[in-house]
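Coordinates from work-v3.tsv are shown below (TSV, C-alpha atoms).
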```tsv
chain	number	residue	atom	x	y	z
A	228	MET	CA	-38.26	7.02	23.19
A	229	ALA	CA	-36.80	3.62	22.41
A	230	GLY	CA	-35.85	4.46	18.88
A	231	ARG	CA	-34.50	7.85	19.75
A	232	ARG	CA	-31.19	7.25	21.38
A	233	ALA	CA	-29.58	4.58	19.23
A	234	ALA	CA	-26.21	4.53	20.93
A	235	LEU	CA	-23.45	6.01	18.81
A	236	LYS	CA	-20.72	3.42	18.26
A	237	ALA	CA	-17.27	4.85	18.76
A	238	VAL	CA	-15.45	4.78	15.42
A	239	ASP	CA	-11.67	4.58	15.51
A	240	TRP	CA	-10.93	7.08	12.76
A	241	ALA	CA	-7.17	6.51	12.90
A	242	ALA	CA	-7.49	2.79	12.27
A	243	PHE	CA	-10.14	3.47	9.66
A	244	ALA	CA	-7.91	5.94	7.86
A	245	GLU	CA	-5.10	3.37	7.73
A	246	ARG	CA	-7.24	0.92	5.87
A	247	VAL	CA	-8.49	3.28	3.22
A	248	PRO	CA	-6.82	2.60	-0.16
A	249	PRO	CA	-5.37	5.68	-1.82
A	250	ASN	CA	-7.91	5.79	-4.62
A	251	GLN	CA	-10.77	6.16	-2.13
A	252	ARG	CA	-9.21	8.86	-0.01
A	253	ALA	CA	-11.49	11.58	-1.29
A	254	MET	CA	-14.62	9.66	-0.34
A	255	PHE	CA	-13.20	8.95	3.08
A	256	ASN	CA	-12.42	12.61	3.63
A	257	ALA	CA	-15.92	13.59	2.59
A	258	LEU	CA	-17.37	11.07	5.02
A	259	LYS	CA	-15.19	12.31	7.82
A	260	THR	CA	-16.05	15.97	7.26
A	261	ARG	CA	-19.74	15.08	7.18
A	262	ASN	CA	-19.37	13.17	10.41
A	263	ASP	CA	-17.48	16.01	12.05
A	264	ALA	CA	-20.07	18.55	10.94
A	265	LEU	CA	-22.88	16.44	12.33
A	266	THR	CA	-21.05	15.88	15.61
A	267	ALA	CA	-20.50	19.60	15.99
A	268	ARG	CA	-24.14	20.34	15.21
A	269	LEU	CA	-25.32	17.76	17.70
A	270	ALA	CA	-22.99	19.01	20.39
A	271	ALA	CA	-24.27	22.56	19.95
A	272	LEU	CA	-27.87	21.57	20.62
A	273	PRO	CA	-28.99	20.98	24.23
A	274	GLU	CA	-30.59	17.64	24.90
A	275	LYS	CA	-33.76	19.18	26.34
A	276	PRO	CA	-34.96	22.72	25.88
A	277	PRO	CA	-35.15	24.67	29.16
A	278	ALA	CA	-38.45	24.51	31.01
A	279	ILE	CA	-40.89	27.40	30.58
A	280	ASP	CA	-41.59	29.24	33.86
A	281	TRP	CA	-45.41	29.06	33.80
A	282	ALA	CA	-45.82	30.63	37.24
A	283	PHE	CA	-44.08	33.81	36.12
A	284	TYR	CA	-46.19	34.08	33.02
A	285	LYS	CA	-49.36	33.32	34.88
A	286	ALA	CA	-48.57	36.16	37.28
A	287	ASN	CA	-47.65	38.66	34.55
A	288	VAL	CA	-49.78	38.09	31.53
A	289	ALA	CA	-53.00	39.99	31.91
A	290	LYS	CA	-55.04	38.15	29.33
A	291	ALA	CA	-57.13	35.67	31.19
A	292	GLY	CA	-56.71	32.04	30.37
A	293	MET	CA	-54.08	32.60	27.72
A	294	VAL	CA	-51.25	31.18	29.78
A	295	ASP	CA	-53.34	28.26	30.91
A	296	GLU	CA	-54.30	27.50	27.37
A	297	PHE	CA	-50.69	27.65	26.23
A	298	GLN	CA	-49.58	25.45	29.09
A	299	LYS	CA	-52.22	22.86	28.34
A	300	LYS	CA	-51.40	22.77	24.66
A	301	PHE	CA	-47.67	22.75	25.31
A	302	SER	CA	-47.70	19.78	27.63
A	303	ALA	CA	-50.06	17.94	25.33
A	304	LEU	CA	-47.84	18.53	22.33
A	305	LYS	CA	-45.85	15.55	21.19
A	306	VAL	CA	-42.98	16.31	18.84
A	307	PRO	CA	-42.77	13.49	16.34
A	308	GLU	CA	-39.44	11.71	16.12
A	309	PRO	CA	-37.90	11.75	12.66
A	310	VAL	CA	-38.41	8.49	10.84
A	311	ASP	CA	-35.32	6.38	10.25
A	312	ALA	CA	-35.36	5.17	6.65
A	313	GLN	CA	-31.64	4.71	6.10
A	314	THR	CA	-30.47	2.26	8.72
A	315	ALA	CA	-32.22	-0.62	7.01
A	316	LYS	CA	-30.57	0.29	3.76
A	317	ILE	CA	-27.22	0.53	5.44
A	318	ASP	CA	-27.65	-2.91	6.96
A	319	ALA	CA	-28.57	-4.35	3.60
A	320	GLN	CA	-25.50	-2.70	2.09
A	321	GLU	CA	-23.36	-4.14	4.81
A	322	LYS	CA	-24.59	-7.67	4.16
A	323	GLU	CA	-23.97	-7.27	0.47
A	324	THR	CA	-20.45	-6.00	0.96
A	325	ALA	CA	-19.78	-8.81	3.42
A	326	LYS	CA	-20.66	-11.27	0.71
A	327	SER	CA	-18.65	-9.57	-2.03
A	328	THR	CA	-15.72	-9.14	0.33
A	329	ALA	CA	-15.78	-12.85	1.13
A	330	GLU	CA	-15.71	-13.60	-2.58
A	331	TYR	CA	-12.88	-11.17	-3.15
A	332	ILE	CA	-10.87	-12.67	-0.32
A	333	GLN	CA	-11.40	-16.13	-1.80
A	334	ALA	CA	-10.16	-15.00	-5.17
A	335	SER	CA	-7.29	-13.19	-3.53
A	336	LYS	CA	-6.26	-16.32	-1.63
A	337	ALA	CA	-6.35	-18.32	-4.85
A	338	ARG	CA	-4.12	-15.73	-6.48
A	339	ILE	CA	-1.75	-15.84	-3.54
A	340	ALA	CA	-1.56	-19.62	-3.80
A	341	GLN	CA	-0.75	-19.31	-7.47
A	342	TYR	CA	1.96	-16.75	-6.83
A	343	GLU	CA	3.41	-18.89	-4.07
A	344	GLN	CA	3.57	-21.81	-6.43
A	345	GLU	CA	5.39	-19.83	-9.09
A	346	LEU	CA	7.71	-18.41	-6.49
A	347	GLN	CA	8.50	-21.92	-5.29
A	348	LYS	CA	9.20	-23.03	-8.82
A	349	LEU	CA	11.55	-20.11	-9.41
A	350	LYS	CA	13.34	-20.59	-6.14
A	351	SER	CA	13.93	-24.30	-6.62
A	352	MET	CA	15.23	-23.79	-10.15
A	353	ILE	CA	18.76	-25.01	-10.92
A	354	PRO	CA	21.19	-22.14	-11.44
A	355	PHE	CA	21.61	-20.93	-14.99
A	356	GLU	CA	25.26	-21.91	-15.06
A	357	GLN	CA	24.34	-25.57	-14.80
A	358	MET	CA	21.46	-25.53	-17.23
A	359	THR	CA	21.29	-27.00	-20.67
A	360	TYR	CA	18.93	-25.63	-23.27
A	361	GLU	CA	16.58	-28.51	-22.54
A	362	ASP	CA	16.51	-27.58	-18.88
A	363	LEU	CA	15.81	-24.00	-19.81
A	364	SER	CA	12.86	-25.04	-21.94
A	365	GLU	CA	11.52	-27.02	-19.00
A	366	ALA	CA	11.89	-24.20	-16.53
A	367	PHE	CA	10.56	-21.51	-18.85
A	368	PRO	CA	8.21	-23.12	-21.34
A	369	GLU	CA	7.92	-19.92	-23.31
A	370	THR	CA	11.51	-20.33	-24.51
A	371	LYS	CA	10.83	-23.74	-25.97
A	372	LEU	CA	11.57	-23.86	-29.66
A	373	ASN	CA	8.70	-25.07	-31.80
A	374	LYS	CA	10.39	-27.67	-33.98
A	375	GLU	CA	7.16	-28.90	-35.52
A	376	LYS	CA	5.97	-25.57	-36.79
A	377	TYR	CA	9.40	-24.30	-37.78
A	378	PRO	CA	11.48	-27.32	-38.70
A	379	TYR	CA	14.44	-25.24	-39.86
A	380	TRP	CA	16.72	-23.16	-37.74
A	381	PRO	CA	16.09	-20.82	-35.93
A	382	HIS	CA	12.86	-22.70	-35.09
A	383	LYS	CA	10.89	-19.53	-34.56
A	384	SER	CA	9.39	-16.91	-36.78
A	385	ILE	CA	11.91	-14.38	-38.07
A	386	ALA	CA	9.97	-11.59	-36.43
A	387	ASP	CA	10.68	-13.08	-33.01
A	388	LEU	CA	14.43	-13.03	-33.38
B	173	MET	CA	57.80	-53.67	-41.53
B	174	LEU	CA	57.87	-54.88	-38.03
B	175	SER	CA	57.56	-51.26	-36.98
B	176	ARG	CA	54.36	-50.92	-38.96
B	177	LEU	CA	52.95	-53.93	-37.20
B	178	VAL	CA	53.84	-52.33	-33.90
B	179	LEU	CA	52.20	-49.14	-35.01
B	180	ARG	CA	49.02	-50.97	-35.97
B	181	ALA	CA	49.01	-52.95	-32.74
B	182	ALA	CA	49.50	-49.86	-30.58
B	183	PRO	CA	45.90	-48.66	-30.44
B	184	ALA	CA	44.68	-52.14	-29.47
B	185	ALA	CA	47.28	-52.33	-26.75
B	186	LEU	CA	46.43	-48.88	-25.47
B	187	ARG	CA	42.74	-49.80	-25.22
B	188	ALA	CA	43.70	-52.76	-23.08
B	189	LEU	CA	45.44	-50.50	-20.58
B	190	PRO	CA	43.61	-49.74	-17.32
B	191	PRO	CA	41.70	-46.46	-17.26
B	192	PRO	CA	43.67	-43.41	-16.14
B	193	VAL	CA	43.98	-42.81	-12.44
B	194	ALA	CA	41.88	-39.98	-11.05
B	195	VAL	CA	44.19	-37.73	-9.14
B	196	GLY	CA	43.00	-34.58	-7.36
B	197	VAL	CA	43.16	-31.59	-9.65
B	198	LEU	CA	43.65	-33.69	-12.75
B	199	HIS	CA	40.94	-34.53	-15.18
B	200	THR	CA	38.45	-36.98	-13.74
B	201	THR	CA	36.28	-39.16	-15.88
B	202	ARG	CA	32.75	-38.01	-15.32
B	203	THR	CA	30.40	-40.88	-14.73
B	204	LEU	CA	27.16	-39.69	-16.21
B	205	HIS	CA	23.74	-41.22	-15.76
B	206	THR	CA	25.01	-44.38	-14.13
B	207	THR	CA	23.19	-44.17	-10.81
B	208	GLN	CA	19.46	-44.36	-10.06
B	209	GLN	CA	18.96	-40.64	-10.36
B	210	SER	CA	19.70	-40.54	-14.03
B	211	LEU	CA	17.32	-37.61	-14.53
B	212	ALA	CA	19.03	-35.41	-11.99
B	213	PRO	CA	20.64	-32.30	-13.40
B	214	VAL	CA	24.02	-32.94	-14.78
B	215	PRO	CA	26.73	-31.79	-12.36
B	216	PRO	CA	28.53	-28.68	-13.50
B	217	LEU	CA	31.46	-28.97	-15.86
B	218	PRO	CA	34.88	-28.71	-14.23
B	219	GLU	CA	36.40	-25.25	-14.31
B	220	LYS	CA	39.56	-26.20	-16.10
B	221	GLY	CA	40.25	-28.87	-18.69
B	222	GLY	CA	42.70	-31.67	-18.09
B	223	GLU	CA	46.33	-30.69	-17.64
B	224	VAL	CA	48.54	-31.02	-20.71
B	225	ARG	CA	52.20	-30.58	-21.23
B	226	HIS	CA	53.50	-28.68	-24.22
B	227	GLY	CA	49.89	-28.09	-25.20
B	228	LEU	CA	49.53	-31.57	-26.64
B	229	ILE	CA	50.33	-34.45	-24.38
B	230	PRO	CA	48.11	-35.08	-21.36
B	231	GLU	CA	49.75	-35.14	-17.99
B	232	GLU	CA	48.37	-38.62	-17.37
B	233	PHE	CA	50.80	-40.02	-19.89
B	234	PHE	CA	53.81	-38.72	-17.97
B	235	GLN	CA	52.35	-39.97	-14.72
B	236	PHE	CA	51.71	-43.31	-16.29
B	237	LEU	CA	55.36	-43.71	-17.33
B	238	TYR	CA	56.85	-42.16	-14.20
B	239	PRO	CA	57.00	-45.33	-12.03
B	240	LYS	CA	58.99	-47.23	-14.65
B	241	THR	CA	61.06	-44.63	-16.41
B	242	GLY	CA	61.23	-41.62	-14.08
B	243	VAL	CA	61.00	-38.03	-15.23
B	244	THR	CA	62.92	-38.31	-18.48
B	245	GLY	CA	61.08	-41.38	-19.69
B	246	PRO	CA	58.43	-39.81	-21.86
B	247	TYR	CA	60.94	-37.40	-23.38
B	248	MET	CA	63.26	-40.25	-24.30
B	249	LEU	CA	60.35	-42.10	-25.78
B	250	GLY	CA	59.32	-39.05	-27.75
B	251	THR	CA	62.82	-38.30	-29.04
B	252	GLY	CA	63.44	-41.93	-29.97
B	253	LEU	CA	60.12	-42.14	-31.72
B	254	LEU	CA	60.78	-38.94	-33.64
B	255	LEU	CA	64.27	-40.03	-34.71
B	256	TYR	CA	62.95	-43.38	-35.74
B	257	LEU	CA	60.24	-41.84	-37.84
B	258	LEU	CA	62.70	-39.47	-39.51
B	259	SER	CA	65.50	-41.90	-40.09
B	260	LYS	CA	63.36	-44.67	-41.41
B	261	GLU	CA	61.56	-42.14	-43.59
B	262	ILE	CA	58.20	-43.19	-42.19
B	263	TYR	CA	57.65	-39.48	-42.03
B	264	VAL	CA	59.08	-37.94	-45.21
B	265	VAL	CA	60.44	-34.41	-44.96
B	266	ASN	CA	59.11	-32.44	-47.92
B	267	HIS	CA	57.95	-28.92	-48.70
B	268	GLU	CA	54.83	-29.51	-46.69
B	269	THR	CA	57.04	-29.88	-43.61
B	270	ALA	CA	58.47	-26.40	-44.08
B	271	ALA	CA	55.01	-24.98	-44.61
B	272	ALA	CA	53.73	-26.80	-41.53
B	273	ALA	CA	56.60	-25.51	-39.43
B	274	CYS	CA	55.94	-21.88	-40.43
B	275	ILE	CA	52.21	-22.14	-40.01
B	276	LEU	CA	52.47	-23.86	-36.67
B	277	THR	CA	54.91	-21.26	-35.43
B	278	VAL	CA	52.60	-18.47	-36.37
B	279	ILE	CA	49.61	-20.21	-34.86
B	280	VAL	CA	51.35	-20.95	-31.60
B	281	TYR	CA	52.63	-17.39	-31.36
B	282	ALA	CA	49.19	-15.95	-32.07
B	283	ILE	CA	47.50	-18.14	-29.52
B	284	LYS	CA	50.06	-17.38	-26.88
B	285	LYS	CA	49.71	-13.67	-27.49
B	286	PHE	CA	45.97	-13.21	-28.04
B	287	GLY	CA	44.60	-16.31	-26.38
B	288	PRO	CA	43.77	-14.90	-22.96
B	289	ASP	CA	42.14	-11.79	-24.39
B	290	VAL	CA	39.88	-13.76	-26.66
B	291	ALA	CA	39.03	-16.08	-23.81
B	292	ALA	CA	38.15	-13.16	-21.58
B	293	PHE	CA	35.98	-11.67	-24.31
B	294	ALA	CA	34.10	-14.91	-24.82
B	295	ASP	CA	33.68	-15.29	-21.09
B	296	LYS	CA	32.31	-11.77	-20.88
B	297	LEU	CA	29.71	-12.53	-23.54
B	298	ASN	CA	28.61	-15.54	-21.60
B	299	GLU	CA	28.60	-13.60	-18.36
B	300	GLU	CA	26.34	-11.00	-19.88
B	301	LYS	CA	23.86	-13.62	-20.99
B	302	MET	CA	23.88	-15.17	-17.58
B	303	ALA	CA	23.51	-11.83	-15.92
B	304	THR	CA	20.46	-10.91	-18.01
B	305	ALA	CA	18.86	-14.25	-17.30
B	306	LEU	CA	19.59	-13.93	-13.59
B	307	ALA	CA	18.30	-10.37	-13.49
B	308	MET	CA	15.07	-11.48	-15.13
B	309	LYS	CA	14.67	-14.28	-12.64
B	310	ASN	CA	15.30	-11.98	-9.69
B	311	GLU	CA	12.88	-9.45	-11.05
B	312	ALA	CA	10.25	-12.14	-11.42
B	313	VAL	CA	10.81	-13.32	-7.85
B	314	GLN	CA	10.61	-9.74	-6.59
B	315	SER	CA	7.43	-8.95	-8.45
B	316	LEU	CA	5.81	-12.14	-7.20
B	317	GLN	CA	6.69	-11.30	-3.64
B	318	THR	CA	5.36	-7.76	-3.92
B	319	ALA	CA	2.21	-9.16	-5.54
B	320	ILE	CA	1.71	-11.51	-2.61
B	321	GLU	CA	2.21	-8.71	-0.13
B	322	ASP	CA	-0.19	-6.46	-2.00
B	323	GLU	CA	-2.84	-9.14	-2.00
B	324	LYS	CA	-2.42	-9.63	1.74
B	325	LYS	CA	-2.67	-5.88	2.25
B	326	GLU	CA	-5.85	-5.69	0.21
B	327	GLN	CA	-7.34	-8.46	2.29
B	328	TRP	CA	-6.47	-6.57	5.45
B	329	ARG	CA	-8.02	-3.45	3.98
B	330	ALA	CA	-11.21	-5.22	3.10
B	331	GLU	CA	-11.56	-6.28	6.71
B	332	GLY	CA	-11.96	-2.66	7.71
B	333	ARG	CA	-15.32	-2.29	6.04
B	334	SER	CA	-17.13	-2.49	9.39
B	335	TYR	CA	-15.69	0.93	10.20
B	336	LEU	CA	-17.38	2.38	7.19
B	337	PHE	CA	-20.78	1.07	8.09
B	338	ASP	CA	-20.46	2.09	11.72
B	339	ALA	CA	-19.57	5.58	10.61
B	340	LYS	CA	-22.56	5.66	8.28
B	341	ARG	CA	-24.93	4.48	10.94
B	342	ASN	CA	-23.50	7.02	13.36
B	343	ASN	CA	-24.10	9.72	10.82
B	344	VAL	CA	-27.70	8.71	10.38
B	345	ALA	CA	-28.30	8.48	14.14
B	346	MET	CA	-26.69	11.85	14.73
B	347	LEU	CA	-28.75	13.43	12.02
B	348	LEU	CA	-32.00	12.09	13.44
B	349	GLU	CA	-31.11	13.11	16.96
B	350	ALA	CA	-30.08	16.59	15.87
B	351	ASN	CA	-33.32	16.95	13.94
B	352	TYR	CA	-35.41	15.90	16.91
B	353	ARG	CA	-33.65	18.27	19.24
B	354	GLU	CA	-34.05	21.09	16.80
B	355	ARG	CA	-37.78	20.48	16.65
B	356	LEU	CA	-38.11	20.53	20.44
B	357	LEU	CA	-36.10	23.69	20.58
B	358	MET	CA	-38.24	25.29	17.91
B	359	VAL	CA	-41.45	24.55	19.80
B	360	TYR	CA	-40.03	25.97	22.97
B	361	ASN	CA	-38.78	29.08	21.24
B	362	GLU	CA	-42.07	29.78	19.53
B	363	VAL	CA	-44.13	29.44	22.71
B	364	LYS	CA	-41.69	31.53	24.65
B	365	LYS	CA	-41.71	34.20	21.97
B	366	ARG	CA	-45.46	34.53	22.12
B	367	LEU	CA	-45.61	34.69	25.91
B	368	ASP	CA	-42.75	37.15	26.05
B	369	TYR	CA	-44.53	39.27	23.49
B	370	GLN	CA	-47.59	39.45	25.65
B	371	VAL	CA	-45.55	40.36	28.70
B	372	ALA	CA	-43.57	42.92	26.77
B	373	MET	CA	-46.71	44.48	25.36
B	374	GLN	CA	-48.13	44.78	28.81
B	375	THR	CA	-45.04	46.35	30.31
B	376	LEU	CA	-44.81	48.76	27.43
B	377	LYS	CA	-48.41	49.81	27.81
B	378	ARG	CA	-47.96	50.26	31.52
B	379	GLN	CA	-44.85	52.30	31.03
B	380	LYS	CA	-46.49	54.52	28.50
B	381	GLU	CA	-49.42	55.08	30.82
B	382	GLN	CA	-47.07	55.97	33.68
B	383	ASP	CA	-45.06	58.36	31.59
B	384	HIS	CA	-48.12	60.05	30.30
B	385	MET	CA	-49.55	60.35	33.77
B	386	ILE	CA	-46.35	61.85	35.17
B	387	GLN	CA	-46.12	64.31	32.35
B	388	TRP	CA	-49.72	65.32	32.76
B	389	VAL	CA	-49.29	65.79	36.49
B	390	GLU	CA	-46.15	67.84	36.00
B	391	ARG	CA	-47.75	70.01	33.38
B	392	ASN	CA	-50.71	70.71	35.58
B	393	VAL	CA	-48.53	71.51	38.58
B	394	VAL	CA	-46.40	73.90	36.56
B	395	GLN	CA	-49.53	75.60	35.23
B	396	SER	CA	-50.93	75.93	38.69
B	397	ILE	CA	-47.93	77.81	40.03
B	398	THR	CA	-49.23	81.46	40.08
B	399	PRO	CA	-46.79	84.39	39.92
B	400	GLN	CA	-47.57	85.18	43.61
B	401	GLN	CA	-46.49	81.81	44.74
B	402	GLN	CA	-43.38	82.08	42.60
B	403	LYS	CA	-42.26	85.33	44.30
B	404	GLU	CA	-42.89	83.90	47.75
B	405	SER	CA	-40.92	80.72	47.00
B	406	ILE	CA	-37.92	82.66	45.55
B	407	ALA	CA	-37.79	84.90	48.72
B	408	LYS	CA	-37.84	81.82	50.89
B	409	CYS	CA	-35.05	80.26	48.89
B	410	ILE	CA	-32.85	83.34	49.34
B	411	LEU	CA	-33.41	83.34	53.12
B	412	ASP	CA	-32.51	79.68	53.27
B	413	LEU	CA	-29.36	80.28	51.27
B	414	LYS	CA	-28.26	83.10	53.59
B	415	ALA	CA	-28.79	80.88	56.60
B	416	LEU	CA	-26.84	78.13	54.99
B	417	SER	CA	-23.94	80.44	54.03
B	418	LYS	CA	-23.77	81.72	57.63
B	419	SER	CA	-23.54	78.20	58.98
B	420	ALA	CA	-20.96	77.37	56.29
B	421	HIS	CA	-18.77	80.37	57.32
B	422	ALA	CA	-19.04	79.23	60.91
B	423	VAL	CA	-17.88	75.71	60.06
B	424	VAL	CA	-14.90	76.95	58.02
```
Rewrite the structure of this file - the entire thing - as structure tokens.
Amino acid sequence: MAGRRAALKAVDWAAFAERVPPNQRAMFNALKTRNDALTARLAALPEKPPAIDWAFYKANVAKAGMVDEFQKKFSALKVPEPVDAQTAKIDAQEKETAKSTAEYIQASKARIAQYEQELQKLKSMIPFEQMTYEDLSEAFPETKLNKEKYPYWPHKSIADL
Amino acid sequence: MLSRLVLRAAPAALRALPPPVAVGVLHTTRTLHTTQQSLAPVPPLPEKGGEVRHGLIPEEFFQFLYPKTGVTGPYMLGTGLLLYLLSKEIYVVNHETAAAACILTVIVYAIKKFGPDVAAFADKLNEEKMATALAMKNEAVQSLQTAIEDEKKEQWRAEGRSYLFDAKRNNVAMLLEANYRERLLMVYNEVKKRLDYQVAMQTLKRQKEQDHMIQWVERNVVQSITPQQQKESIAKCILDLKALSKSAHAVV
């Protein structure tokens, strides 16, 4: 009986739906429909089957001993609970995703730091009107003319003009 | 000869003069890289160049002579100098002079007429360059900001993974529970079916026996009614009917 009624945790589907990225919508919808179908199926089934009225049957069935036999066997019958093989797997999956999510968040934070840095650099740049070409080369290194490789004007390969 | 000496001495004398006075709108000498912060960005160039009169002579010269000679001073100096040069033939008037006069006239006229347009055109070119550069910079800033926001959003999304696993676990639990209940229900149904079958069989048998019995009794009774009895019963029925009709007439 202990393993039977694992309490169903209330899932906030609205909040869940918000967090789903657009490319995983289909999977989310499939999960939701599955969940809804199962909920409906569960709700349709009564928790316990109604009790069998043994007294009535004992009074009415003529065959001797049949009802008694049935009653004995019925009360002795133990319906086996279905074995739960998936929860362990799900827990393992959860741990794994926790780890990979932590890694992803680390990488994401590093990227954010990088972007912030570049943003800072761009924002603190002197306005173009006050720049010389040297200042431009400092601010945007890709515009720097390579005077060693191309000693003659225009200091870059003709294809880049 | 003396004049030539004066001419040669002039530059030296001019260098000895104090530097021009910085006055408001007029051209200021820009002191560059003299303070500690010599690497700081150079301050922007002034919008307009120094003021000049007649396109040649800087305003500072007139201001310089104003205290001593008033407004007409520099003009007197200029005229005197010119007359001196001409009369003493320090400047010789030849065919080059005529050519110079024509050319200068044309040049001055052209500049006065087309100058502003050309300036505007050049400014526009520069403006376009600046605008492209600025647009690129703004675009870069924008894209960086959106990138940062997207990253933050993705982080927020990743935090919602607990929902997914809760939902999965719920699914599994519901499935197991539903399965168990179905099994219980199946057992109950099967047992009930068998018992009901027995009861139904019995009732059916009983019913059939009763029907058969009734039919058999009826058949025998009908057979046993002899014609004599039939006549007697019909006569009795008619008498009863007459009695009834009499009482009915009486009631009406």
Find the residue from B:Gly227, B:Gly245, B:Pro215, B:Pro288 that sits nearest to chain A; use all atoms listed in the file when measuring. B:Pro215
Neighbours of point (-37.0, 19.1, 14.5) within 12 Å, using only C-alpha atoms, written as a list in words: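 These residues have at least one counted atom within 12 Å: Leu272, Lys305, Val306, Pro307, Glu308, Pro309 and Val310 of chain A; Leu347, Leu348, Glu349, Ala350, Asn351, Tyr352, Arg353, Glu354, Arg355, Leu356, Leu357, Met358, Val359 and Tyr360 of chain B.
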Considering all atoms listed in the file, can you say which of B:Glu390, B:Glu268, B:Glu300, B:Asp383 comes closest to chain A? B:Glu300
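For the pair atom CA of B:Pro216 and atom CA of B:Asp295, the separation is 16.2 Å.
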Report, in Å to a single decimal, how far apart atom CA of A:Asn256 and atom CA of A:Ile332 are.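 One can read the atom CA of A:Ile332 to atom CA of A:Asn256 distance as 25.6 Å.
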Quick one, how far is atom CA of A:Pro354 from atom CA of B:Ala312?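 Taking atom CA of A:Pro354 as the start and atom CA of B:Ala312 as the end point, the length is 14.8 Å.
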In terms of the shortest atom-to-atom distance over only C-alpha atoms, which of A:Glu323, A:Glu296, A:Glu330, A:Glu343 is closest to chain B?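 Closest residue, counting only C-alpha atoms: A:Glu343.
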Counting only C-alpha atoms, the option among B:Val243, B:Leu336, B:Ile229, B:Val278 closest to chain A: B:Leu336
Shortest interatomic distance to A:Leu265 - which of B:Met385, B:Leu413, B:Ala345, B:Ala422, counting all atoms listed in the file: B:Ala345
Close residues, A:Ala334 itself excluded, 12 Å, only C-alpha atoms, min 5 positions apart in chain, as a CSV table (one decimal) with C-alpha atoms, in the coordinates of the input:
```csv
chain,number,residue,atom,x,y,z
A,327,SER,CA,-18.6,-9.6,-2.0
A,328,THR,CA,-15.7,-9.1,0.3
A,329,ALA,CA,-15.8,-12.8,1.1
A,339,ILE,CA,-1.8,-15.8,-3.5
A,340,ALA,CA,-1.6,-19.6,-3.8
A,341,GLN,CA,-0.8,-19.3,-7.5
B,323,GLU,CA,-2.8,-9.1,-2.0
B,324,LYS,CA,-2.4,-9.6,1.7
B,326,GLU,CA,-5.8,-5.7,0.2
B,327,GLN,CA,-7.3,-8.5,2.3
```
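The residue set within 12 Å of B:Arg366, counting only C-alpha atoms and dropping same-chain residues fewer than 5 places from it, reads Ile279, Tyr284, Val288, Met293, Val294 and Phe297 of chain A; Val359, Tyr360, Asn361, Val371, Ala372 and Met373 of chain B.
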In terms of the shortest atom-to-atom distance over only C-alpha atoms, which of A:Glu274, A:Gln313, A:Leu349, A:Asp318 is closest to A:Leu363?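 Closest candidate: A:Leu349.
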Find the axis-aligned box for stretch 257-267 of chain A, covering all its listed atoms and adding 5 Å on each side, and write its centre and edge lengths in Å to one decimal as AutoDock Vina command-line options.
```
--center_x -19.0 --center_y 15.3 --center_z 9.3 --size_x 17.7 --size_y 18.5 --size_z 23.4
```
Residues at most 12 Å from A:Thr260, counting all atoms listed in the file, excluding those fewer than 6 positions away in the same chain, as a ChimeraX atom specification? /A:240,253-254,266-267 /B:339,343
